[in-house]
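Raw entry.cif, mmCIF, C-alpha atoms:
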data_structure
#
loop_
_atom_site.label_atom_id
_atom_site.label_comp_id
_atom_site.auth_asym_id
_atom_site.auth_seq_id
_atom_site.Cartn_x
_atom_site.Cartn_y
_atom_site.Cartn_z
CA MET A 295 205.56 149.29 156.56
CA SER A 296 202.86 151.72 157.68
CA GLN A 297 199.53 150.77 159.13
CA ILE A 298 196.86 150.66 156.43
CA ASP A 299 193.96 153.01 157.16
CA LEU A 300 192.08 152.50 153.90
CA PHE A 301 191.51 149.50 151.64
CA VAL A 302 190.24 150.21 148.13
CA ILE A 303 188.80 147.21 146.33
CA GLY A 304 187.87 146.78 142.68
CA GLY A 305 186.30 144.01 140.65
CA SER A 306 183.99 143.15 137.80
CA ALA A 307 182.60 139.81 136.61
CA GLY A 308 183.10 137.31 139.44
CA GLY A 309 184.23 140.08 141.77
CA LEU A 310 181.16 139.96 144.00
CA SER A 311 181.67 136.33 145.02
CA ALA A 312 185.32 137.10 145.82
CA LEU A 313 184.27 140.16 147.82
CA LEU A 314 181.89 138.05 149.91
CA GLU A 315 184.81 135.80 150.81
CA LEU A 316 187.03 138.79 151.56
CA VAL A 317 184.65 140.41 154.07
CA ARG A 318 183.34 137.23 155.70
CA GLU A 319 185.83 137.13 158.60
CA LEU A 320 186.60 140.83 159.06
CA PRO A 321 185.87 141.90 162.66
CA ALA A 322 183.47 144.68 163.59
CA ASP A 323 186.32 146.66 165.17
CA LEU A 324 188.50 146.70 162.02
CA PRO A 325 190.63 149.88 162.37
CA ALA A 326 190.37 150.76 158.66
CA ALA A 327 187.68 151.67 156.12
CA LEU A 328 186.94 149.77 152.92
CA CYS A 329 185.85 151.46 149.66
CA VAL A 330 184.57 149.23 146.87
CA ALA A 331 184.03 149.81 143.14
CA ILE A 332 182.34 146.90 141.38
CA HIS A 333 181.34 147.28 137.73
CA THR A 334 177.56 147.51 137.57
CA ALA A 335 175.10 148.46 134.86
CA PRO A 336 173.43 151.91 135.10
CA SER A 337 170.10 150.07 135.38
CA SER A 338 171.24 148.04 138.40
CA PRO A 339 168.72 148.09 141.28
CA GLY A 340 171.48 149.00 143.76
CA MET A 341 171.56 145.94 146.00
CA LEU A 342 175.31 145.54 146.60
CA PRO A 343 175.45 146.83 150.22
CA ARG A 344 172.45 144.72 151.20
CA ILE A 345 173.95 141.57 149.62
CA VAL A 346 177.35 142.03 151.24
CA ALA A 347 175.88 142.98 154.64
CA HIS A 348 174.56 139.42 155.02
CA LYS A 349 178.16 138.12 155.00
CA THR A 350 179.99 140.53 157.32
CA GLU A 351 179.80 142.23 160.71
CA LEU A 352 180.81 145.55 159.14
CA PRO A 353 178.12 148.11 158.18
CA CYS A 354 177.72 148.32 154.40
CA VAL A 355 176.43 151.48 152.71
CA TYR A 356 176.58 153.37 149.44
CA ALA A 357 178.99 156.29 149.72
CA GLU A 358 177.58 159.81 149.86
CA ASN A 359 179.22 162.90 148.45
CA ASN A 360 181.55 164.69 150.89
CA GLN A 361 181.02 161.98 153.51
CA GLU A 362 183.77 161.42 156.08
CA LEU A 363 185.49 158.04 156.00
CA THR A 364 184.98 156.04 159.18
CA PRO A 365 186.96 152.94 160.23
CA GLY A 366 185.07 149.67 160.36
CA ARG A 367 182.65 150.48 157.51
CA ILE A 368 182.37 149.33 153.90
CA TYR A 369 181.48 152.03 151.37
CA PHE A 370 180.32 151.19 147.84
CA ALA A 371 180.46 153.30 144.70
CA PRO A 372 176.80 154.10 143.89
CA VAL A 373 175.22 152.92 140.66
CA ASP A 374 176.46 154.96 137.65
CA ARG A 375 178.75 157.09 139.85
CA HIS A 376 182.51 157.18 140.42
CA LEU A 377 183.75 157.02 144.00
CA LEU A 378 186.79 159.22 144.70
CA ILE A 379 188.85 159.89 147.83
CA SER A 380 189.72 163.48 148.70
CA GLY A 381 191.63 163.83 151.95
CA SER A 382 189.64 161.85 154.53
CA ARG A 383 186.37 162.35 152.66
CA MET A 384 184.63 160.66 149.74
CA LEU A 385 183.40 162.32 146.57
CA VAL A 386 180.64 160.82 144.44
CA THR A 387 180.74 162.08 140.84
CA HIS A 388 179.13 161.50 137.47
CA GLY A 389 182.42 162.03 135.65
CA PRO A 390 183.43 160.48 132.30
CA ARG A 391 183.39 156.69 132.02
CA GLU A 392 186.78 155.00 132.31
CA ASN A 393 187.51 151.71 130.56
CA GLY A 394 183.85 151.85 129.58
CA PHE A 395 182.53 151.84 133.15
CA ARG A 396 181.05 154.14 135.76
CA PRO A 397 181.79 153.30 138.51
CA ALA A 398 185.32 152.39 137.45
CA VAL A 399 188.15 151.07 139.61
CA ASP A 400 190.97 153.33 138.37
CA PRO A 401 189.48 156.64 139.66
CA LEU A 402 188.98 155.18 143.16
CA PHE A 403 192.50 153.76 143.31
CA ARG A 404 194.42 156.76 141.99
CA SER A 405 192.49 159.26 144.14
CA ALA A 406 193.13 157.08 147.21
CA ALA A 407 196.83 157.01 146.32
CA ARG A 408 196.94 160.82 146.24
CA SER A 409 195.22 161.20 149.60
CA TYR A 410 196.59 158.28 151.62
CA GLY A 411 200.00 157.51 150.13
CA PRO A 412 201.62 154.62 152.06
CA ARG A 413 198.53 154.15 154.23
CA VAL A 414 196.32 152.70 151.50
CA ALA A 415 196.16 149.20 150.03
CA GLY A 416 194.53 148.37 146.69
CA VAL A 417 192.87 145.01 146.07
CA ILE A 418 192.07 143.71 142.56
CA LEU A 419 189.45 140.97 142.37
CA SER A 420 188.04 138.87 139.53
CA GLY A 421 186.98 140.73 136.40
CA SER A 422 187.27 141.13 132.64
CA LEU A 423 189.90 143.26 130.88
CA GLY A 424 192.20 145.47 132.97
CA ASP A 425 190.40 148.24 134.88
CA GLY A 426 192.27 149.01 138.11
CA SER A 427 195.81 148.22 136.94
CA TYR A 428 196.71 151.86 136.32
CA GLY A 429 195.29 152.91 139.68
CA LEU A 430 197.06 150.04 141.46
CA ALA A 431 200.34 151.24 139.95
CA ALA A 432 199.61 154.72 141.38
CA ILE A 433 199.11 153.16 144.83
CA LYS A 434 202.47 151.40 144.55
CA ARG A 435 204.23 154.60 143.44
CA GLY A 436 202.81 156.33 146.52
CA GLY A 437 204.22 153.68 148.83
CA GLY A 438 200.99 151.74 149.34
CA ILE A 439 200.32 148.01 149.16
CA ALA A 440 199.16 146.13 146.03
CA ILE A 441 197.06 142.98 146.52
CA VAL A 442 195.69 140.78 143.73
CA GLN A 443 193.36 137.81 143.84
CA ASN A 444 195.05 134.64 142.65
CA PRO A 445 194.16 134.42 138.93
CA GLU A 446 193.97 130.63 139.16
CA GLU A 447 190.91 130.88 141.43
CA ALA A 448 189.34 134.01 139.92
CA LEU A 449 186.14 133.32 138.00
CA VAL A 450 187.32 135.79 135.32
CA PRO A 451 191.10 136.23 135.67
CA SER A 452 191.69 139.11 133.22
CA MET A 453 191.79 141.92 135.82
CA PRO A 454 194.18 140.06 138.16
CA LEU A 455 196.41 139.07 135.22
CA SER A 456 196.48 142.65 133.92
CA ALA A 457 197.48 143.90 137.36
CA LEU A 458 200.26 141.32 137.60
CA ARG A 459 201.61 142.37 134.20
CA GLY A 460 201.58 146.08 135.00
CA VAL A 461 202.39 146.33 138.72
CA ASP A 462 204.97 144.94 141.17
CA VAL A 463 202.30 143.30 143.32
CA ASP A 464 203.00 142.69 147.03
CA HIS A 465 200.51 139.87 147.65
CA VAL A 466 198.80 137.34 145.36
CA VAL A 467 196.30 135.42 147.49
CA ASN A 468 193.04 133.50 147.31
CA ALA A 469 189.94 135.41 148.35
CA ALA A 470 189.52 133.28 151.48
CA GLU A 471 193.02 134.32 152.64
CA MET A 472 192.40 138.05 152.24
CA PRO A 473 190.59 138.74 155.56
CA GLN A 474 193.63 137.70 157.58
CA LEU A 475 195.98 139.66 155.33
CA LEU A 476 193.85 142.82 155.58
CA LEU A 477 193.62 142.48 159.34
CA GLU A 478 197.41 142.15 159.64
CA LEU A 479 197.97 145.23 157.48
CA ALA A 480 195.42 147.30 159.43
CA ASP A 481 196.84 146.19 162.79
CA ASP A 482 200.50 146.85 161.96
CA PRO A 483 201.99 148.11 165.28
CA LYS A 484 204.39 150.41 163.43
CA GLY A 485 201.45 152.48 162.19
CA GLY A 486 199.61 155.25 163.97
CA PRO A 487 195.93 155.50 164.90
CA GLY A 488 193.36 154.50 162.29
CA MET A 489 192.21 156.94 159.59
CA ALA A 490 195.10 159.32 160.20
CA GLY A 491 196.47 158.98 156.70
CA GLY A 492 194.26 161.42 154.79
CA ALA A 493 195.98 164.35 153.13
CA SER A 494 196.04 167.57 155.14
CA HIS A 495 195.30 169.59 152.00
CA GLU A 496 192.90 169.26 149.09
CA PRO A 497 194.42 166.96 146.43
CA PRO A 498 194.38 168.18 142.81
CA PRO A 499 191.08 167.52 141.00
CA ASP A 500 190.86 164.04 139.52
CA PRO A 501 189.80 163.69 135.84
CA ALA A 502 186.77 161.66 136.99
CA ARG A 503 185.72 164.75 138.97
CA GLN A 504 187.02 167.43 136.63
CA GLY A 505 185.26 166.22 133.52
CA THR A 506 185.10 168.66 130.61
CA GLU A 507 187.45 171.15 132.25
CA LEU A 508 190.11 169.07 130.48
CA LEU A 509 189.12 170.92 127.30
CA GLN A 510 191.12 173.87 128.64
CA ASP A 511 193.88 171.63 130.05
CA PRO A 512 194.47 168.75 127.59
CA PRO A 513 195.86 165.42 128.81
CA THR A 514 199.59 164.89 128.91
CA GLY A 515 201.26 162.45 126.55
CA LYS A 516 201.39 161.93 122.81
CA ILE A 517 198.46 162.83 120.58
CA THR A 518 197.36 159.95 118.31
CA THR A 519 195.23 159.42 115.21
CA LEU A 520 192.83 157.28 117.28
CA THR A 521 189.41 158.49 118.31
CA CYS A 522 187.53 157.90 121.55
CA PRO A 523 185.12 154.93 121.22
CA GLU A 524 182.54 156.77 123.34
CA CYS A 525 182.54 160.38 122.11
CA GLY A 526 184.71 160.34 118.97
CA GLY A 527 187.17 162.86 120.44
CA THR A 528 190.92 162.99 119.92
CA ILE A 529 192.93 160.46 121.94
CA TRP A 530 196.17 161.07 123.82
CA GLU A 531 198.46 158.17 124.68
CA GLU A 532 200.18 158.09 128.08
CA GLU A 533 202.82 155.44 128.68
CA ASP A 534 204.85 154.44 131.70
CA GLU A 535 207.33 151.58 132.03
CA ARG A 536 204.76 148.78 131.92
CA GLN A 537 201.35 150.21 130.99
CA ILE A 538 199.72 152.22 128.22
CA ARG A 539 196.74 154.46 128.82
CA PHE A 540 194.54 156.34 126.38
CA ARG A 541 192.50 159.44 127.29
CA CYS A 542 190.38 161.88 125.34
CA HIS A 543 190.13 165.57 126.23
CA VAL A 544 186.75 165.23 127.93
CA GLY A 545 188.07 162.55 130.30
CA HIS A 546 187.08 159.15 128.88
CA SER A 547 190.06 156.88 129.46
CA TYR A 548 191.05 153.33 128.51
CA ASN A 549 193.87 150.93 129.16
CA ALA A 550 195.26 148.98 126.20
CA GLU A 551 192.91 146.02 126.68
CA SER A 552 189.70 148.04 126.92
CA MET A 553 190.72 150.32 124.03
CA LEU A 554 191.29 147.27 121.83
CA LYS A 555 187.97 145.73 122.90
CA TYR A 556 185.87 148.81 122.18
CA HIS A 557 187.58 149.50 118.87
CA SER A 558 187.04 145.86 117.88
CA GLN A 559 183.36 146.33 118.62
CA GLN A 560 183.34 149.44 116.43
CA VAL A 561 185.00 147.51 113.60
CA GLU A 562 182.35 144.78 113.75
CA SER A 563 179.55 147.33 113.91
CA ALA A 564 180.96 149.17 110.88
CA LEU A 565 181.23 145.93 108.89
CA TRP A 566 177.62 144.91 109.65
CA THR A 567 176.53 148.41 108.61
CA ALA A 568 178.48 148.04 105.37
CA LEU A 569 176.77 144.68 104.74
CA ARG A 570 173.34 146.22 105.26
CA VAL A 571 174.12 149.11 102.90
CA LEU A 572 175.45 146.74 100.18
CA GLU A 573 172.33 144.57 100.35
CA GLU A 574 170.06 147.62 100.24
CA HIS A 575 172.08 148.95 97.30
CA ALA A 576 171.71 145.64 95.46
CA SER A 577 167.95 145.64 96.09
CA LEU A 578 167.61 149.23 94.87
CA GLN A 579 169.62 148.46 91.70
CA GLN A 580 167.39 145.44 91.01
CA ARG A 581 164.23 147.54 91.41
CA MET A 582 165.65 150.06 88.94
CA ALA A 583 166.53 147.24 86.53
CA ASP A 584 162.97 145.87 86.73
CA ARG A 585 161.52 149.32 86.12
CA ALA A 586 163.79 149.96 83.14
CA ARG A 587 162.87 146.56 81.69
CA SER A 588 159.14 147.34 82.01
CA GLN A 589 159.77 150.50 79.99
CA GLN A 590 161.67 148.57 77.26
CA LEU A 591 164.94 150.30 78.22
CA ALA A 592 167.13 147.25 77.64
CA ALA A 593 170.54 148.93 78.02
CA ALA A 594 169.60 150.64 81.28
CA ALA A 595 168.04 147.43 82.61
CA GLU A 596 171.21 145.48 81.84
CA HIS A 597 173.36 148.14 83.52
CA PHE A 598 171.30 148.18 86.73
CA ALA A 599 171.04 144.38 86.82
CA ARG A 600 174.83 144.03 86.46
CA ARG A 601 175.43 146.53 89.28
CA SER A 602 172.91 144.67 91.47
CA VAL A 603 174.78 141.39 90.96
CA GLU A 604 178.11 143.07 91.79
CA SER A 605 176.70 144.52 95.02
CA ARG A 606 175.28 141.14 96.06
CA GLU A 607 178.62 139.44 95.38
CA HIS A 608 180.41 142.02 97.52
CA ALA A 609 177.79 141.57 100.25
CA GLU A 610 178.25 137.79 100.22
CA LEU A 611 182.02 138.14 100.56
CA LEU A 612 181.58 140.49 103.50
CA ARG A 613 178.97 138.23 105.12
CA SER A 614 181.32 135.23 104.81
CA ALA A 615 184.11 137.19 106.50
CA LEU A 616 181.81 138.33 109.33
CA LEU A 617 180.57 134.80 110.01
CA LEU A 618 184.06 133.28 110.20
CA PRO A 619 185.20 132.39 113.76
CA PRO A 620 188.06 134.57 115.08
CA VAL A 621 191.45 133.08 114.20
CA ALA A 622 193.23 133.85 117.48
CA GLY A 623 190.31 133.98 119.90
CA SER A 624 188.74 137.01 121.51
CA VAL A 625 190.53 139.70 123.48
CA ASP A 626 189.30 138.11 126.71
CA ASP A 627 190.57 134.68 125.62
CA LEU A 628 194.05 136.07 125.03
CA LEU A 629 194.11 137.95 128.32
CA ASP A 630 192.83 134.95 130.27
CA ALA A 631 195.65 132.91 128.77
CA GLY A 632 198.16 135.49 129.98
CA GLU A 633 199.00 136.76 126.49
CA PRO A 634 199.90 140.45 126.03
CA PRO A 635 197.02 142.46 124.51
CA ILE A 636 199.25 144.44 122.18
#

Please rewrite the model in this file as structure tokens.
Amino acid sequence: MSQIDLFVIGGSAGGLSALLELVRELPADLPAALCVAIHTAPSSPGMLPRIVAHKTELPCVYAENNQELTPGRIYFAPVDRHLLISGSRMLVTHGPRENGFRPAVDPLFRSAARSYGPRVAGVILSGSLGDGSYGLAAIKRGGGIAIVQNPEEALVPSMPLSALRGVDVDHVVNAAEMPQLLLELADDPKGGPGMAGGASHEPPPDPARQGTELLQDPPTGKITTLTCPECGGTIWEEEDERQIRFRCHVGHSYNAESMLKYHSQQVESALWTALRVLEEHASLQQRMADRARSQQLAAAAEHFARRSVESREHAELLRSALLLPPVAGSVDDLLDAGEPPI
């Protein structure tokens, strides 16, 4: 096993509390860098480095574009930006959202796998759905180490469970046990000096950096009849042995769980829109019936009144269906229970 020069860490809901445990006992002379992508809203005030700095001896900063990685520092993906690894440097991009997020975990992990190969370890912390699983698989394929927070202690276990389903994970540990594990991996005597693992050449552009250039170079895989929940573009399906990934030609990408979630949201939105239109249609038909009646147009009034009643009946059926509780629970409920999403 090689010495680990770079740890890439991803999380979402509940991930920050796990991260605070992870960094608490890391020494100031840690011979590796840490890069972190935590799902945050675009309107976030950008306090992550300041919060984490109170719990660790390591300097905590937001990454800057084209900045050199330095051992013993924690770099965070800035608000509404992806953090990528290119050789021994970091790239900060405003590329397409992945799994509905920017920053997302997958771009950080897969770009680190390209640049550092067996000298990178990926860590999945608490979070909803499955961002990071595809990138963690890329780290494993490159010879790196896959680490997952124990789902039984994760505040939101969906991300750890998704990683365990899709990747042959090397370590499943509680957050409090991670500092010692990371220190052992970074101090492996069979490795060379710290931060020597970056690629000696420029890796190929990542989709999170390349963006709309994919219009000239469409994604690989099988074209589907699905459309992108974010931009409405055509979706390609990419499948390996244990994971399915969806990507549109401008770069938005989704794993199976996030694709199902966002399409479910679209279905609900469409149904509420249909309910609104039916009720408006019923109201309009009633107004026309009233007007026809005031003009002694009995046949027309009866026709409009009958159509108004039909529209209201359809609206009530749709409203009843919308207000019913879900039969099998939400997507998150199924994933938290360890059930397959598809």

Pull out every residue that the PyMOL selection byres ((chain A and resi 530-536) around 9) matches in the shown coordinates and put them as an NGL selection string. :A and (459-461 or 512-520 or 528-529 or 537-543)

request  = Apply the PyMOL selection byres ((chain A and resi 612) around 12) to the displayed file and report the matching residues as JSON, numbers by chain.
outcome  = {"A": [562, 564, 565, 566, 567, 568, 569, 570, 571, 572, 573, 605, 606, 607, 608, 609, 610, 611, 613, 614, 615, 616, 617, 618]}

Check: Got a sec to resolve the PyMOL selection byres ((chain A and resi 363-377) around 6) on this structure and send the residues as a PyMOL selection string?
Finding: chain A and resi 323-331+336+352-357+362+378+382-383+385-388+396-397+402

What is the distance, in Å and to one decimal place, between atom CA of A:Gly411 and atom CA of A:Val466?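 The value is 20.8 Å.
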
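For the choices A:Glu446, A:Ala470, A:Pro339, A:Glu392, the atom-to-atom distance to A:Ser311 is smallest for A:Ala470 when using all atoms listed in the file.
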
Residue with the minimum atom-to-atom distance to A:Arg413, picked from A:Ile345, A:Leu479, A:Leu458, A:Ala312 with only C-alpha atoms counted, is A:Leu479

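Across the structure, atom CA of A:Leu419 and atom CA of A:Gln443 are spaced 5.2 Å apart.
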
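For the pair atom CA of A:Ile433 and atom CA of A:Ala406, the separation is 7.5 Å.
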
ask   = When distances are computed from only C-alpha atoms, which of A:Ala593, A:Val467, A:Ile298, A:Leu310 shows the smallest separation from A:Gly438?
value =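 Nearest to A:Gly438: A:Ile298.
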